[in-house]
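Listing of structure.cif, mmCIF, C-alpha atoms and all ligand atoms
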data_data
#
loop_
_atom_site.label_atom_id
_atom_site.label_comp_id
_atom_site.auth_asym_id
_atom_site.auth_seq_id
_atom_site.Cartn_x
_atom_site.Cartn_y
_atom_site.Cartn_z
CA MET A 1 14.39 -19.04 3.45
CA PHE A 2 12.77 -15.78 4.59
CA VAL A 3 9.50 -14.51 3.10
CA PHE A 4 8.78 -10.79 2.93
CA PHE A 5 5.38 -9.41 1.98
CA ASP A 6 4.13 -6.05 0.77
CA ILE A 7 1.16 -4.76 2.84
CA ASP A 8 -1.25 -2.68 0.74
CA ALA A 9 -3.26 -4.56 -1.89
CA THR A 10 -1.29 -7.68 -0.94
CA LEU A 11 -2.41 -8.37 2.67
CA VAL A 12 -4.78 -5.47 3.38
CA ASP A 13 -7.40 -4.55 0.79
CA HIS A 14 -6.22 -0.97 0.48
CA ASP A 15 -8.03 -0.29 -2.80
CA LYS A 16 -11.43 -1.22 -1.39
CA ALA A 17 -10.86 0.79 1.80
CA ALA A 18 -9.70 3.80 -0.23
CA GLU A 19 -12.65 3.57 -2.58
CA MET A 20 -15.23 3.28 0.20
CA ALA A 21 -13.62 6.19 2.06
CA ALA A 22 -13.51 8.35 -1.09
CA SER A 23 -17.18 7.64 -1.67
CA LYS A 24 -18.01 8.79 1.90
CA PHE A 25 -15.80 11.83 1.37
CA LEU A 26 -17.84 12.77 -1.71
CA GLN A 27 -21.11 12.43 0.23
CA HIS A 28 -19.69 14.67 2.96
CA PHE A 29 -18.39 17.40 0.66
CA ALA A 30 -20.80 17.04 -2.28
CA HIS A 31 -21.86 20.69 -1.96
CA LEU A 32 -18.26 21.82 -2.48
CA LEU A 33 -17.16 19.41 -5.19
CA PRO A 34 -17.92 19.73 -8.91
CA TYR A 35 -18.82 16.08 -9.50
CA SER A 36 -22.35 14.93 -10.20
CA HIS A 37 -21.31 11.31 -10.79
CA GLU A 38 -19.50 9.26 -8.19
CA ALA A 39 -17.51 7.38 -10.82
CA LYS A 40 -16.05 10.62 -12.15
CA PHE A 41 -15.13 11.76 -8.66
CA LEU A 42 -13.48 8.42 -7.82
CA LYS A 43 -11.43 8.60 -11.00
CA ALA A 44 -10.25 12.10 -10.10
CA TRP A 45 -9.62 11.07 -6.48
CA HIS A 46 -7.40 8.15 -7.50
CA GLU A 47 -5.54 10.20 -10.07
CA VAL A 48 -4.80 12.99 -7.57
CA SER A 49 -3.93 10.50 -4.80
CA ASP A 50 -1.55 8.46 -6.96
CA ARG A 51 0.26 11.54 -8.23
CA HIS A 52 0.78 13.08 -4.78
CA ASN A 53 1.63 9.73 -3.20
CA ASP A 54 4.37 9.26 -5.80
CA LEU A 55 5.89 12.60 -4.79
CA TYR A 56 5.75 11.53 -1.15
CA PHE A 57 7.33 8.15 -1.87
CA ARG A 58 10.08 9.89 -3.83
CA GLY A 59 10.81 12.02 -0.77
CA GLU A 60 9.83 15.28 -2.46
CA VAL A 61 7.06 16.21 0.01
CA SER A 62 6.22 15.25 3.61
CA LEU A 63 3.23 13.11 4.52
CA ILE A 64 1.35 16.18 5.78
CA GLU A 65 2.08 18.20 2.62
CA GLN A 66 1.09 15.27 0.45
CA ARG A 67 -2.32 15.16 2.17
CA ARG A 68 -2.79 18.94 2.10
CA ASN A 69 -1.87 19.16 -1.58
CA ARG A 70 -4.43 16.49 -2.44
CA MET A 71 -7.15 18.50 -0.69
CA ARG A 72 -6.05 21.77 -2.27
CA GLU A 73 -6.16 20.26 -5.73
CA LEU A 74 -9.60 18.69 -5.27
CA PHE A 75 -11.17 21.89 -3.97
CA ALA A 76 -9.15 24.31 -6.14
CA HIS A 77 -12.06 25.28 -8.41
CA ALA A 78 -14.07 26.80 -5.54
CA GLU A 79 -11.48 27.56 -2.88
CA PRO A 80 -8.12 28.49 -4.40
CA VAL A 81 -6.52 29.09 -0.99
CA LEU A 82 -7.24 26.25 1.39
CA SER A 83 -5.33 26.70 4.67
CA GLY A 84 -3.24 23.86 6.01
CA GLU A 85 -5.58 23.48 8.94
CA GLU A 86 -8.68 23.36 6.75
CA ALA A 87 -7.02 20.87 4.40
CA ASP A 88 -6.15 18.67 7.41
CA THR A 89 -9.74 18.79 8.66
CA ARG A 90 -11.04 17.68 5.26
CA PHE A 91 -8.48 14.93 4.84
CA GLN A 92 -9.45 13.63 8.27
CA VAL A 93 -12.95 12.88 6.94
CA TYR A 94 -11.39 10.56 4.36
CA LEU A 95 -8.87 9.12 6.80
CA GLU A 96 -11.44 8.04 9.37
CA HIS A 97 -13.40 6.10 6.77
CA TYR A 98 -10.22 4.71 5.20
CA GLU A 99 -9.00 3.39 8.54
CA SER A 100 -12.34 1.92 9.55
CA ASN A 101 -12.36 -0.10 6.32
CA TRP A 102 -8.97 -1.80 6.74
CA ASN A 103 -9.59 -5.49 6.14
CA LEU A 104 -7.49 -8.46 5.11
CA PHE A 105 -8.08 -10.38 1.91
CA ASP A 106 -9.64 -13.79 2.68
CA ASP A 107 -6.52 -15.70 1.59
CA VAL A 108 -4.12 -13.93 3.99
CA LEU A 109 -4.56 -15.81 7.28
CA PRO A 110 -4.65 -19.31 5.71
CA CYS A 111 -1.47 -18.42 3.82
CA LEU A 112 0.36 -17.08 6.88
CA ASP A 113 -0.80 -20.07 8.93
CA SER A 114 0.67 -22.40 6.32
CA LEU A 115 4.07 -20.68 6.61
CA THR A 116 4.49 -20.88 10.38
CA ARG A 117 7.91 -22.53 10.17
CA ILE A 118 9.28 -19.84 7.86
CA PRO A 119 10.36 -16.43 9.22
CA LEU A 120 8.23 -13.65 7.79
CA GLY A 121 8.72 -9.94 7.25
CA LEU A 122 7.17 -6.88 5.64
CA ILE A 123 8.55 -4.27 3.23
CA SER A 124 6.08 -1.47 2.57
CA ASN A 125 5.92 2.03 1.15
CA GLY A 126 4.10 4.28 3.58
CA ASP A 127 4.12 5.88 6.98
CA LEU A 128 5.46 3.60 9.71
CA GLU A 129 3.02 4.67 12.38
CA GLN A 130 0.03 4.22 10.07
CA GLN A 131 1.24 0.85 8.81
CA LEU A 132 1.74 -0.42 12.37
CA ARG A 133 -1.81 0.63 13.25
CA LYS A 134 -3.00 -1.17 10.14
CA LEU A 135 -1.32 -4.38 11.30
CA LYS A 136 -2.76 -4.06 14.80
CA GLN A 137 -6.29 -3.41 13.54
CA THR A 138 -6.17 -6.42 11.22
CA ASN A 139 -4.64 -8.63 13.95
CA LEU A 140 -1.43 -9.15 12.00
CA ASP A 141 0.87 -7.64 14.62
CA GLY A 142 3.25 -10.22 16.02
CA ARG A 143 3.29 -12.25 12.81
CA PHE A 144 6.36 -10.60 11.30
CA SER A 145 9.88 -10.53 12.74
CA THR A 146 11.14 -7.74 10.49
CA ILE A 147 9.07 -4.72 9.46
CA MET A 148 10.52 -2.23 7.02
CA VAL A 149 8.41 0.83 6.13
CA SER A 150 9.76 3.50 3.78
CA SER A 151 9.13 6.49 6.07
CA GLU A 152 11.72 5.13 8.51
CA ILE A 153 14.61 5.44 6.06
CA GLY A 154 13.28 7.95 3.55
CA VAL A 155 13.69 5.50 0.68
CA SER A 156 10.78 3.74 -1.04
CA LYS A 157 10.31 0.78 -3.35
CA PRO A 158 11.39 0.31 -6.12
CA LYS A 159 14.76 1.59 -4.84
CA PRO A 160 17.17 -1.23 -3.91
CA GLU A 161 18.11 0.28 -0.53
CA ILE A 162 14.78 -0.51 1.14
CA PHE A 163 14.96 -4.19 0.18
CA LEU A 164 18.62 -4.42 1.20
CA GLU A 165 18.01 -2.70 4.54
CA ALA A 166 15.16 -5.14 5.29
CA CYS A 167 17.48 -8.09 4.57
CA ARG A 168 20.20 -6.56 6.73
CA ARG A 169 17.77 -6.17 9.64
CA ALA A 170 16.56 -9.73 9.22
CA GLY A 171 20.16 -10.96 9.06
CA VAL A 172 19.62 -12.78 5.78
CA SER A 173 21.06 -12.50 2.29
CA PRO A 174 18.73 -11.23 -0.47
CA GLU A 175 19.33 -14.48 -2.35
CA SER A 176 17.67 -16.45 0.45
CA CYS A 177 14.55 -14.23 0.45
CA ILE A 178 11.22 -14.28 -1.31
CA TYR A 179 9.30 -11.05 -1.81
CA VAL A 180 5.56 -11.15 -2.52
CA GLY A 181 3.74 -8.04 -3.75
CA ASP A 182 0.84 -6.94 -5.96
CA ARG A 183 2.89 -4.70 -8.26
CA LEU A 184 4.99 -6.20 -11.01
CA ASP A 185 7.39 -3.25 -11.27
CA VAL A 186 7.62 -1.87 -7.74
CA ASP A 187 7.49 -5.27 -6.01
CA ALA A 188 8.43 -8.29 -8.11
CA LEU A 189 10.96 -6.77 -10.50
CA ALA A 190 12.44 -4.37 -7.96
CA SER A 191 13.06 -7.11 -5.39
CA ARG A 192 14.49 -9.37 -8.09
CA ALA A 193 16.93 -6.61 -9.02
CA VAL A 194 18.62 -6.95 -5.60
CA GLY A 195 18.78 -10.74 -5.77
CA MET A 196 15.56 -11.71 -3.99
CA LYS A 197 13.05 -14.04 -5.59
CA GLY A 198 10.25 -11.64 -6.49
CA VAL A 199 6.79 -13.20 -6.74
CA TRP A 200 4.09 -11.16 -8.45
CA LEU A 201 0.69 -11.47 -6.75
CA ASN A 202 -1.46 -10.61 -9.74
CA ARG A 203 -4.77 -10.31 -7.88
CA LYS A 204 -6.44 -8.34 -10.67
CA GLU A 205 -5.36 -10.86 -13.30
CA LEU A 206 -3.69 -8.16 -15.37
CA PRO A 207 -2.15 -9.12 -18.70
CA MET A 208 1.22 -10.71 -18.08
CA PRO A 209 4.22 -9.46 -20.01
CA ASN A 210 6.62 -12.06 -21.29
CA LEU A 211 8.89 -12.09 -18.24
CA SER A 212 10.30 -14.98 -16.26
CA VAL A 213 8.75 -13.80 -12.98
CA PRO A 214 6.82 -16.28 -10.83
CA VAL A 215 3.16 -15.20 -10.81
CA ILE A 216 0.31 -16.20 -8.50
CA SER A 217 -3.23 -14.84 -8.54
CA THR A 218 -4.06 -15.57 -4.88
CA LEU A 219 -1.97 -16.18 -1.77
CA SER A 220 -3.34 -19.72 -1.61
CA GLU A 221 -0.91 -20.50 -4.45
CA LEU A 222 2.12 -19.22 -2.56
CA GLU A 223 3.03 -22.42 -0.72
CA ARG A 224 3.17 -24.34 -4.00
CA CYS A 225 5.20 -21.55 -5.54
CA LEU A 226 7.70 -21.66 -2.65
CA ALA A 227 8.06 -25.43 -2.90
CA GLY A 228 10.28 -24.86 -5.91
CA HIS A 229 12.57 -22.55 -3.95
CA GLU A 230 15.51 -24.00 -2.07
CA ARG A 231 14.84 -23.93 1.67
MG MG B 301 0.98 -3.05 -2.73
#

Rewrite the structure from the file as C-alpha cells, please.
Amino acid sequence: MFVFFDIDATLVDHDKAAEMAASKFLQHFAHLLPYSHEAKFLKAWHEVSDRHNDLYFRGEVSLIEQRRNRMRELFAHAEPVLSGEEADTRFQVYLEHYESNWNLFDDVLPCLDSLTRIPLGLISNGDLEQQLRKLKQTNLDGRFSTIMVSSEIGVSKPKPEIFLEACRRAGVSPESCIYVGDRLDVDALASRAVGMKGVWLNRKELPMPNLSVPVISTLSELERCLAGHER
C-alpha cells in the first residue's frame, strides 16, 4: 500500500492563509480598491483567484501571467493598464502574507506519525518550487518519498496523467494506492478514475452526494479508513 496526499486544504491550511493574506492586501491597497467591506473584497478576491488559477492549472497561462492578470482585474476600475512590473509588486504584498501564514492542520502530524510503516507521497496542483518551500516551512520535508507537483509536467488534477506519473515514479500500481484530498471531484473521484482508492477528506462537512466514495472529516479517521484496504 502507498498513500498519496494532496497538499493545499488537506495538509496545509491554504484557505486560512489565503484569507489572512487577502485581508492584509486590502488594508495595504484600500485607497486603490473599491471595497468598503472586507467581506465583499474577500468574495471578489476568491472569485478572481479561482478563475485565474483554473486557467493556470489548465496550462492556458503561466504562473506569472496568472498572478499579473489577477492584479489587473482587481485594479481595473482605477488603473486600466497595470504594467507587469507593477502587478508583480502588488502581488508580492499578498504573497509575503500568504507564505508567512502557511500552517498545518492540527490532525496532520498525528496522522503521518501513525503511518510511519507505509510509504507516503504527494500529488498537488501548483508550482513545484512554491510547494517545496511550503513543505520545508511546515517541517514536512523528508516525510514523502514521491512528490508530484503539476508544474513539473504541465498537467494538473483532475487529469489522469498526473496520478499515473506519480504512481510510475513511486514504482507502484494505481490499484495499490490510496489518494487523500479535500476535493471530491478533483481529488477523490479523479484518483478513483485511474484505479486508486480515492478518499474524500470532507473537512468542511459539505453535503455528500450519493456516491460510494470513502469519506472522512478529519485525518484522524484515516487510519481506520485504511484498515479496510488490503495492505
Ligand atoms: Mg486541496

Next item on the list: Return the single residue from A:Val172, A:Leu63, A:Ile178, A:Val3 that is closest to Ser151 of chain A, with distances computed using only C-alpha atoms.
Entry: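 For Ser151 of chain A, the nearest of the given residues is A:Leu63.
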
Next item on the list: Dig up all the protein and nucleic acid residues within 8 Å of (-9.3, -8.3, 9.8) in the file frame, using only C-alpha atoms, and format them as an NGL selection string.
Entry: :A and (102-104 or 137-139)

Checklist line | Residue with smallest distance to ligand MG 301 (chain B) - pool A:Lys157, A:Arg133, A:Lys197, A:Arg143, counting all atoms listed in the file | finding: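 Counting all atoms listed in the file, the residue closest to ligand MG 301 (chain B) is A:Lys157.
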
Check: In terms of the shortest atom-to-atom distance over all atoms listed in the file, which of A:Lys24, A:Arg203, A:Lys40, A:Arg183 is closest to ligand MG 301 (chain B)?
Finding: A:Arg183

Item checked: Shell of 6 Å around segment 69-73 of chain A, only C-alpha atoms, local chain residues under 3 positions omitted, as an NGL selection string -> :A and (65-66 or 76 or 82 or 87)

Notebook entry, point to check: Got a sec to check which residues lie within 10 Å of ligand MG 301 (chain B), using all atoms listed in the file, and send them as a list of chain:residue names?
Noted result: A:Phe5, A:Asp6, A:Ile7, A:Asp8, A:Ala9, A:Thr10, A:Leu11, A:Val12, A:Asp13, A:His14, A:Asp15, A:Ile123, A:Ser124, A:Asn125, A:Val180, A:Gly181, A:Asp182, A:Arg183, A:Leu184, A:Val186, A:Asp187, A:Leu201

Next item on the list: Tell me which of A:Val194, A:Ala188, A:Ile147, A:Leu128 sits closest to Ile216 of chain A, counting only C-alpha atoms.
Entry: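 Result for the nearest residue to Ile216 of chain A: A:Ala188.
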
Notebook entry, point to check: Which value, in Å to one decimal, gives the distance between atom CA of Asn210 of chain A and atom CA of Pro158 of chain A?
Noted result: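 Rounded to one decimal, the two atoms are 20.1 Å apart.
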
Next item on the list: Using all atoms listed in the file, determine which residues lie at most 10 Å from segment 25-33 of chain A, disregarding the query and same-chain residues fewer than 6 positions distant; provide the list as a PyMOL selection string.
Entry: chain A and resi 19+41-42+45+74-79+90-98

Margin query: Residues within 12 Å of Pro209 of chain A, please, as a list in words. Count all atoms listed in the file; anything in the same chain fewer than 6 positions from it doesn't count.
Written below: Leu184, Asp185, Leu189, Trp200, Asn202 and Val215 of chain A
